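Text of final.cif (mmCIF, C-alpha atoms) as supplied:
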data_work
loop_
_atom_site.label_atom_id
_atom_site.label_comp_id
_atom_site.auth_asym_id
_atom_site.auth_seq_id
_atom_site.Cartn_x
_atom_site.Cartn_y
_atom_site.Cartn_z
CA MET A 25 -2.47 -38.66 49.23
CA GLU A 26 -1.83 -40.26 45.84
CA SER A 27 -5.31 -39.33 44.68
CA MET A 28 -4.60 -35.70 45.59
CA GLN A 29 -1.43 -35.70 43.50
CA SER A 30 -2.99 -37.45 40.53
CA PHE A 31 -5.95 -35.05 40.75
CA ILE A 32 -3.82 -31.92 40.52
CA ILE A 33 -1.56 -33.37 37.81
CA GLY A 34 -4.70 -34.33 35.88
CA ILE A 35 -6.16 -30.84 36.20
CA VAL A 36 -2.92 -29.18 35.04
CA VAL A 37 -2.59 -31.57 32.08
CA VAL A 38 -6.23 -31.04 31.10
CA SER A 39 -5.82 -27.25 31.35
CA ILE A 40 -2.69 -27.11 29.22
CA THR A 41 -4.14 -29.54 26.67
CA LEU A 42 -7.28 -27.41 26.44
CA ILE A 43 -5.31 -24.21 25.86
CA ILE A 44 -3.07 -25.82 23.25
CA GLY A 45 -6.17 -27.29 21.56
CA ILE A 46 -7.76 -23.85 21.40
CA TYR A 47 -4.55 -22.41 19.99
CA ILE A 48 -4.30 -25.12 17.31
CA ALA A 49 -7.94 -24.66 16.30
CA SER A 50 -7.46 -20.90 16.25
CA THR A 51 -4.34 -21.21 14.10
CA ILE A 52 -6.13 -23.57 11.71
CA GLN A 53 -8.96 -21.04 11.53
CA GLY A 54 -6.46 -18.36 10.53
CA THR A 55 -5.18 -20.41 7.60
CA PHE A 56 -8.62 -20.62 5.98
CA THR A 57 -10.25 -17.84 4.00
CA ALA A 58 -12.61 -15.88 6.23
CA SER A 59 -16.31 -16.83 6.23
CA THR A 60 -15.75 -20.16 4.43
CA ALA A 61 -17.29 -23.33 5.81
CA ALA A 62 -13.90 -24.53 7.04
CA ALA A 63 -13.13 -21.24 8.78
CA ASN A 64 -16.57 -21.20 10.39
CA ALA A 65 -16.13 -24.80 11.56
CA ALA A 66 -12.75 -24.01 13.07
CA ALA A 67 -14.22 -20.94 14.78
CA SER A 68 -17.00 -23.13 16.20
CA VAL A 69 -14.38 -25.52 17.56
CA VAL A 70 -12.50 -22.62 19.17
CA THR A 71 -15.72 -21.37 20.77
CA ALA A 72 -16.66 -24.86 21.91
CA LEU A 73 -13.27 -25.50 23.47
CA SER A 74 -13.26 -22.04 25.06
CA ASN A 75 -16.52 -22.92 26.79
CA GLY A 76 -14.56 -25.58 28.65
CA THR A 77 -12.25 -23.17 30.46
CA PRO A 78 -14.76 -21.99 33.12
CA TRP A 79 -15.26 -25.65 34.04
CA ILE A 80 -11.64 -25.83 35.19
CA THR A 81 -12.59 -23.57 38.12
CA ILE A 82 -15.47 -25.87 39.01
CA LEU A 83 -13.20 -28.93 38.71
CA VAL A 84 -10.57 -27.34 40.94
CA VAL A 85 -13.06 -26.28 43.61
CA VAL A 86 -15.03 -29.55 43.59
CA GLY A 87 -11.86 -31.65 43.46
CA PHE A 88 -10.25 -29.92 46.42
CA ALA A 89 -13.55 -29.95 48.33
CA VAL A 90 -13.80 -33.72 47.79
CA ILE A 91 -10.23 -34.17 49.03
CA VAL A 92 -10.86 -32.10 52.17
CA LEU A 93 -14.16 -33.86 52.86
CA GLY A 94 -12.42 -37.18 52.31
CA MET A 95 -9.78 -36.26 54.88
CA LEU A 96 -12.44 -35.18 57.37
CA THR A 97 -14.57 -38.29 56.94
CA SER A 98 -11.56 -40.61 57.12
CA GLY A 99 -10.30 -38.77 60.20
CA PHE A 100 -13.65 -38.85 61.97
CA GLY A 101 -14.21 -42.36 60.71
CA ARG A 102 -11.29 -43.51 62.77
CA VAL A 103 -12.61 -41.65 65.78
CA THR A 104 -16.05 -43.22 65.50
CA GLU A 105 -14.80 -46.77 65.09
CA GLY A 106 -15.91 -47.29 68.65
CA PRO A 107 -14.21 -47.99 71.95
CA VAL A 108 -11.62 -50.75 72.28
CA TYR A 109 -12.71 -53.19 75.00
CA MET B 26 5.03 -44.34 64.39
CA GLU B 27 2.03 -44.78 62.09
CA ASN B 28 1.03 -41.16 62.65
CA THR B 29 4.56 -39.98 61.85
CA LYS B 30 4.48 -41.88 58.55
CA ASN B 31 1.09 -40.36 57.76
CA MET B 32 2.40 -36.89 58.53
CA ASN B 33 5.46 -37.36 56.31
CA ALA B 34 3.30 -38.59 53.45
CA LEU B 35 0.91 -35.71 54.01
CA ILE B 36 3.61 -33.02 53.91
CA LEU B 37 5.15 -34.61 50.81
CA ALA B 38 1.77 -34.78 49.10
CA VAL B 39 0.93 -31.17 49.89
CA LEU B 40 4.34 -30.08 48.61
CA VAL B 41 3.91 -32.04 45.37
CA VAL B 42 0.40 -30.63 44.89
CA GLY B 43 1.53 -27.08 45.63
CA ILE B 44 4.53 -27.22 43.31
CA THR B 45 2.48 -28.86 40.54
CA LEU B 46 -0.18 -26.19 40.91
CA VAL B 47 2.35 -23.35 40.76
CA ILE B 48 4.11 -24.87 37.74
CA GLY B 49 0.72 -25.31 36.04
CA ILE B 50 -0.19 -21.67 36.71
CA TYR B 51 3.20 -20.57 35.42
CA ILE B 52 2.86 -22.62 32.22
CA THR B 53 -0.64 -21.34 31.48
CA ALA B 54 0.44 -17.74 32.21
CA GLN B 55 3.37 -18.14 29.82
CA LEU B 56 1.02 -19.59 27.20
CA GLN B 57 -1.24 -16.56 27.66
CA THR B 58 1.70 -14.23 26.97
CA THR B 59 2.83 -16.31 23.99
CA PHE B 60 -0.62 -16.50 22.41
CA ARG B 61 -1.14 -12.73 22.51
CA ASP B 62 -1.01 -11.13 19.11
CA TYR B 63 1.48 -8.31 18.57
CA SER B 64 -0.22 -5.50 16.67
CA SER B 65 1.02 -2.13 15.55
CA ALA B 66 -0.84 1.15 15.44
CA ALA B 67 -0.11 4.84 15.03
CA VAL B 68 -1.09 7.76 17.20
CA VAL B 69 -1.72 11.07 15.47
CA ASN B 70 -1.70 14.35 17.39
CA GLU B 71 -1.97 12.80 20.85
CA SER B 72 -2.10 15.55 23.46
CA ASN B 73 0.67 15.17 26.03
CA PRO B 74 2.45 17.62 28.32
CA LYS B 75 5.53 19.45 27.18
CA PRO B 76 8.53 17.26 28.10
CA THR B 77 10.53 18.16 31.19
CA SER B 78 14.10 17.38 32.11
CA ALA B 79 12.71 14.52 34.24
CA GLY B 80 10.82 13.19 31.21
CA ILE B 81 7.18 12.52 30.35
CA SER B 82 5.50 9.28 29.20
CA LEU B 83 3.63 8.86 25.96
CA ASN B 84 0.21 7.19 26.44
CA ALA B 85 1.08 4.06 24.43
CA VAL B 86 3.19 2.88 27.35
CA TYR B 87 -0.05 2.10 29.21
CA ALA B 88 -1.26 -0.34 26.51
CA GLU B 89 -0.68 -4.06 27.22
CA GLY B 90 2.93 -4.65 26.21
CA GLY B 91 3.00 -1.17 24.69
CA ALA B 92 6.26 -0.11 23.02
CA CYS B 93 6.67 3.25 21.33
CA GLY B 94 8.35 3.83 18.01
CA SER B 95 10.21 7.04 17.19
CA VAL B 96 8.18 10.22 17.33
CA THR B 97 7.65 11.48 13.79
CA GLU B 98 6.00 14.86 14.35
CA ILE B 99 5.32 17.25 17.21
CA TYR B 100 3.09 20.30 17.05
CA ASN B 101 2.55 22.98 19.62
CA GLY B 102 -0.84 22.56 21.34
CA THR B 103 -1.74 26.18 20.67
CA GLY B 104 -1.29 27.55 17.19
CA GLY B 105 -0.15 24.24 15.73
CA MET B 106 3.46 25.32 15.19
CA LEU B 107 5.77 22.45 14.16
CA ILE B 108 8.37 21.66 16.84
CA GLY B 109 11.72 20.27 15.75
CA LEU B 110 12.54 16.73 16.88
CA GLY B 111 15.98 17.91 17.91
CA ASN B 112 14.38 19.52 20.96
CA ILE B 113 13.68 16.14 22.54
CA THR B 114 15.46 12.91 23.37
CA GLN B 115 13.34 9.74 23.24
CA SER B 116 13.97 6.50 25.07
CA GLY B 117 11.11 4.04 24.51
CA CYS B 118 7.94 5.85 25.57
CA THR B 119 9.81 8.38 27.72
CA VAL B 120 10.62 11.76 26.24
CA VAL B 121 13.06 14.22 27.80
CA ASN B 122 13.62 17.80 26.72
CA THR B 123 17.03 18.91 25.49
CA THR B 124 16.23 22.62 25.57
CA SER B 125 14.00 24.70 27.81
CA MET B 126 11.56 25.33 24.92
CA LEU B 127 10.05 28.30 26.72
CA PRO B 128 8.20 29.69 23.68
CA TYR B 129 5.88 26.68 23.53
CA THR B 130 2.72 26.00 25.53
CA ALA B 131 2.18 23.31 28.16
CA ASN B 132 0.55 20.77 25.85
CA TRP B 133 2.04 19.32 22.67
CA LEU B 134 0.49 17.14 19.97
CA TRP B 135 2.50 13.97 19.38
CA THR B 136 2.50 11.65 16.36
CA TYR B 137 4.27 8.31 16.70
CA PRO B 138 3.85 4.58 15.92
CA TYR B 139 3.63 1.94 18.65
CA THR B 140 3.16 -1.79 19.11
CA PHE B 141 1.02 -3.57 21.67
CA ARG B 142 -0.13 -7.06 22.53
CA GLY B 143 -3.74 -7.81 21.68
CA GLU B 144 -5.71 -10.64 23.24
CA THR B 145 -6.65 -13.66 21.07
CA ASN B 146 -9.11 -16.47 21.76
CA SER B 147 -6.19 -18.65 22.87
CA SER B 148 -4.68 -16.04 25.20
CA ILE B 149 -8.10 -15.30 26.74
CA ALA B 150 -8.64 -19.02 27.34
CA ALA B 151 -5.15 -19.33 28.85
CA GLY B 152 -5.90 -16.37 31.13
CA GLN B 153 -9.15 -17.95 32.29
CA VAL B 154 -7.38 -21.25 33.00
CA THR B 155 -4.65 -19.39 34.92
CA ASP B 156 -7.34 -17.77 37.07
CA SER B 157 -9.07 -21.14 37.49
CA LEU B 158 -5.90 -22.86 38.67
CA GLY B 159 -5.28 -19.87 40.95
CA THR B 160 -8.50 -20.66 42.81
CA GLY B 161 -6.85 -23.92 43.88
CA ALA B 162 -4.08 -22.20 45.86
CA PRO B 163 -6.21 -21.20 48.91
CA TRP B 164 -7.38 -24.83 49.15
CA LEU B 165 -3.83 -25.86 50.06
CA THR B 166 -4.18 -23.92 53.33
CA ILE B 167 -7.43 -25.73 54.07
CA ILE B 168 -5.86 -29.11 53.23
CA ILE B 169 -2.86 -28.42 55.48
CA VAL B 170 -5.05 -27.30 58.39
CA VAL B 171 -7.56 -30.14 58.04
CA SER B 172 -4.96 -32.85 57.58
CA LEU B 173 -2.75 -31.65 60.44
CA ALA B 174 -5.84 -31.40 62.62
CA THR B 175 -6.64 -34.98 61.64
CA VAL B 176 -3.13 -36.06 62.62
CA VAL B 177 -3.41 -34.29 65.98
CA LEU B 178 -6.83 -35.83 66.57
CA GLY B 179 -5.32 -39.18 65.68
CA TYR B 180 -2.66 -38.73 68.39
CA LEU B 181 -5.31 -37.80 70.96
CA VAL B 182 -7.66 -40.62 70.02
CA ASN B 183 -4.88 -43.18 70.14
CA ALA B 184 -3.81 -41.92 73.57
CA TYR B 185 -7.37 -42.15 74.95
CA ARG B 186 -7.82 -45.59 73.44
CA LYS B 187 -4.76 -46.83 75.29
CA GLU B 188 -6.13 -45.37 78.52
CA ASP B 189 -9.50 -47.06 77.85
CA SER B 190 -7.78 -50.39 77.20
CA LYS B 191 -6.00 -50.16 80.55
CA GLU B 192 -9.22 -49.40 82.35
CA VAL B 193 -10.96 -52.40 80.82
CA LEU B 194 -8.26 -54.68 82.20
CA TYR B 195 -9.29 -53.97 85.81
#

Could you quickly redo this structure as structure tokens?
Amino acid sequence: MESMQSFIIGIVVVSITLIIGIYIASTIQGTFTASTAAANAAASVVTALSNGTPWITILVVVGFAVIVLGMLTSGFGRVTEGPVY
Amino acid sequence: MENTKNMNALILAVLVVGITLVIGIYITAQLQTTFRDYSSAAVVNESNPKPTSAGISLNAVYAEGGACGSVTEIYNGTGGMLIGLGNITQSGCTVVNTTSMLPYTANWLWTYPYTFRGETNSSIAAGQVTDSLGTGAPWLTIIIVVSLATVVLGYLVNAYRKEDSKEVLY
């Protein structure tokens, strides 16, 4: 149960941090003169960070799948502990 | 008693996860709105119907966050005759006629400024993350079903185990 809570809090924190990071990099990019090395570098950072957003979907799906599978295996694990003689 | 404790912890955990997820989605959606860039543009000679007493909508209202400025010029769709602004009353992007304006044709050409919200890299990313977190919501149903099924199975298994234990005593 605790792992489920820490997982979702982690995902939300990562998501918000990622968005704010993209915003900061994008704002920094806007302060530089267009097409300078600094502006290009900031744009690369924005692109790189933006590539991380689709992974949030994968993290959410895989994370929840792991939780559900964990519940199933722990539930069936108890069932298959064997008869009590 | 053990199963009841498990069930309480389970319900609490699902609630915490659900609320955290919703708050996360809300925050990222708000960030998306905040990170959009407000831009202004002008429409020149946009063809729209002649206003009625019920009012017509200028097309800028359909842009993301579109807000219309005051109409600056109106021309008749046929012949290009200038129409006085006193013939209309404007409220946002809705225009209502103040006179019947029978001499004019069905379509008018409208010129007006408007503002809209454009997407930025940050707002697009926030939107994607909002969608990503949204994919987590249906999993809560699965977690509730699976975990409650596990609790029910636990009750059943415990009951059968007790029966088995009694049988072994004979």

Which residues of chain B sit at most 8 Å from chain A, using all atoms listed in the file? Give each one's shortest atom pair and distance in Å (one decimal place), in chain and ascending residue order, as a tab-separated table.
residue	atom	partner	partner_atom	distance
B:Ala34	CA	A:Met25	CA	7.1
B:Leu35	CA	A:Met25	CA	6.6
B:Ala38	CA	A:Met25	CA	5.7
B:Val41	CA	A:Gln29	CA	6.7
B:Val42	CA	A:Gln29	CA	5.6
B:Thr45	CA	A:Ile33	CA	6.6
B:Leu46	CA	A:Ile32	CA	6.8
B:Gly49	CA	A:Val36	CA	5.4
B:Ile52	CA	A:Ile40	CA	7.7
B:Thr53	CA	A:Ile40	CA	6.5
B:Leu56	CA	A:Ile43	CA	8.0
B:Phe60	CA	A:Tyr47	CA	7.5
B:Asn146	CA	A:Ser50	CA	7.3
B:Ser147	CA	A:Tyr47	CA	5.0
B:Ala150	CA	A:Ser74	CA	6.0
B:Ala151	CA	A:Ile43	CA	5.7
B:Gln153	CA	A:Thr77	CA	6.3
B:Val154	CA	A:Thr77	CA	5.8
B:Asp156	CA	A:Thr81	CA	7.9
B:Ser157	CA	A:Thr81	CA	4.3
B:Leu158	CA	A:Thr81	CA	6.8
B:Thr160	CA	A:Thr81	CA	6.9
B:Gly161	CA	A:Val84	CA	5.8
B:Trp164	CA	A:Phe88	CA	6.4
B:Ile167	CA	A:Val92	CA	7.5
B:Ile168	CA	A:Val92	CA	5.9
B:Val171	CA	A:Val92	CA	7.0
B:Ser172	CA	A:Met95	CA	6.5
B:Thr175	CA	A:Gly99	CA	5.5
B:Leu178	CA	A:Gly99	CA	7.8
B:Gly179	CA	A:Gly99	CA	7.4
B:Val182	CA	A:Val103	CA	6.6
B:Arg186	CA	A:Val108	CA	6.5
B:Asp189	CA	A:Val108	CA	7.0
B:Ser190	CA	A:Tyr109	CA	6.1
B:Val193	CA	A:Tyr109	CA	6.1

Write out as a list of chain:residue names which residues come within 8 Å of stretch 72-89 of chain B when counting only C-alpha atoms, dropping same-chain ones fewer than 2 positions away.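 Near stretch 72-89 of chain B, the qualifying residues are B:Asn70, B:Gly91, B:Ala92, B:Cys93, B:Gly102, B:Ile113, B:Cys118, B:Thr119, B:Val120, B:Val121, B:Asn122, B:Thr123, B:Thr130, B:Ala131, B:Asn132, B:Trp133, B:Leu134, B:Trp135, B:Tyr139, B:Phe141, B:Arg142, B:Gly143.
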
Can you write out the residues you just picked, keeping C-alpha atoms, as a JSON list (two decimals), in the frame of the given file?
[["chain", "number", "residue", "atom", "x", "y", "z"],
["B", 70, "ASN", "CA", -1.70, 14.35, 17.39],
["B", 91, "GLY", "CA", 3.00, -1.17, 24.69],
["B", 92, "ALA", "CA", 6.26, -0.11, 23.02],
["B", 93, "CYS", "CA", 6.67, 3.25, 21.33],
["B", 102, "GLY", "CA", -0.84, 22.56, 21.34],
["B", 113, "ILE", "CA", 13.68, 16.14, 22.54],
["B", 118, "CYS", "CA", 7.94, 5.85, 25.57],
["B", 119, "THR", "CA", 9.81, 8.38, 27.72],
["B", 120, "VAL", "CA", 10.62, 11.76, 26.24],
["B", 121, "VAL", "CA", 13.06, 14.22, 27.80],
["B", 122, "ASN", "CA", 13.62, 17.80, 26.72],
["B", 123, "THR", "CA", 17.03, 18.91, 25.49],
["B", 130, "THR", "CA", 2.72, 26.00, 25.53],
["B", 131, "ALA", "CA", 2.18, 23.31, 28.16],
["B", 132, "ASN", "CA", 0.55, 20.77, 25.85],
["B", 133, "TRP", "CA", 2.04, 19.32, 22.67],
["B", 134, "LEU", "CA", 0.49, 17.14, 19.97],
["B", 135, "TRP", "CA", 2.50, 13.97, 19.38],
["B", 139, "TYR", "CA", 3.63, 1.94, 18.65],
["B", 141, "PHE", "CA", 1.02, -3.57, 21.67],
["B", 142, "ARG", "CA", -0.13, -7.06, 22.53],
["B", 143, "GLY", "CA", -3.74, -7.81, 21.68]]

May I ask for the distance between atom CA of B:Tyr185 and atom CA of A:Gly94, given in Å to one decimal place? 23.7 Å
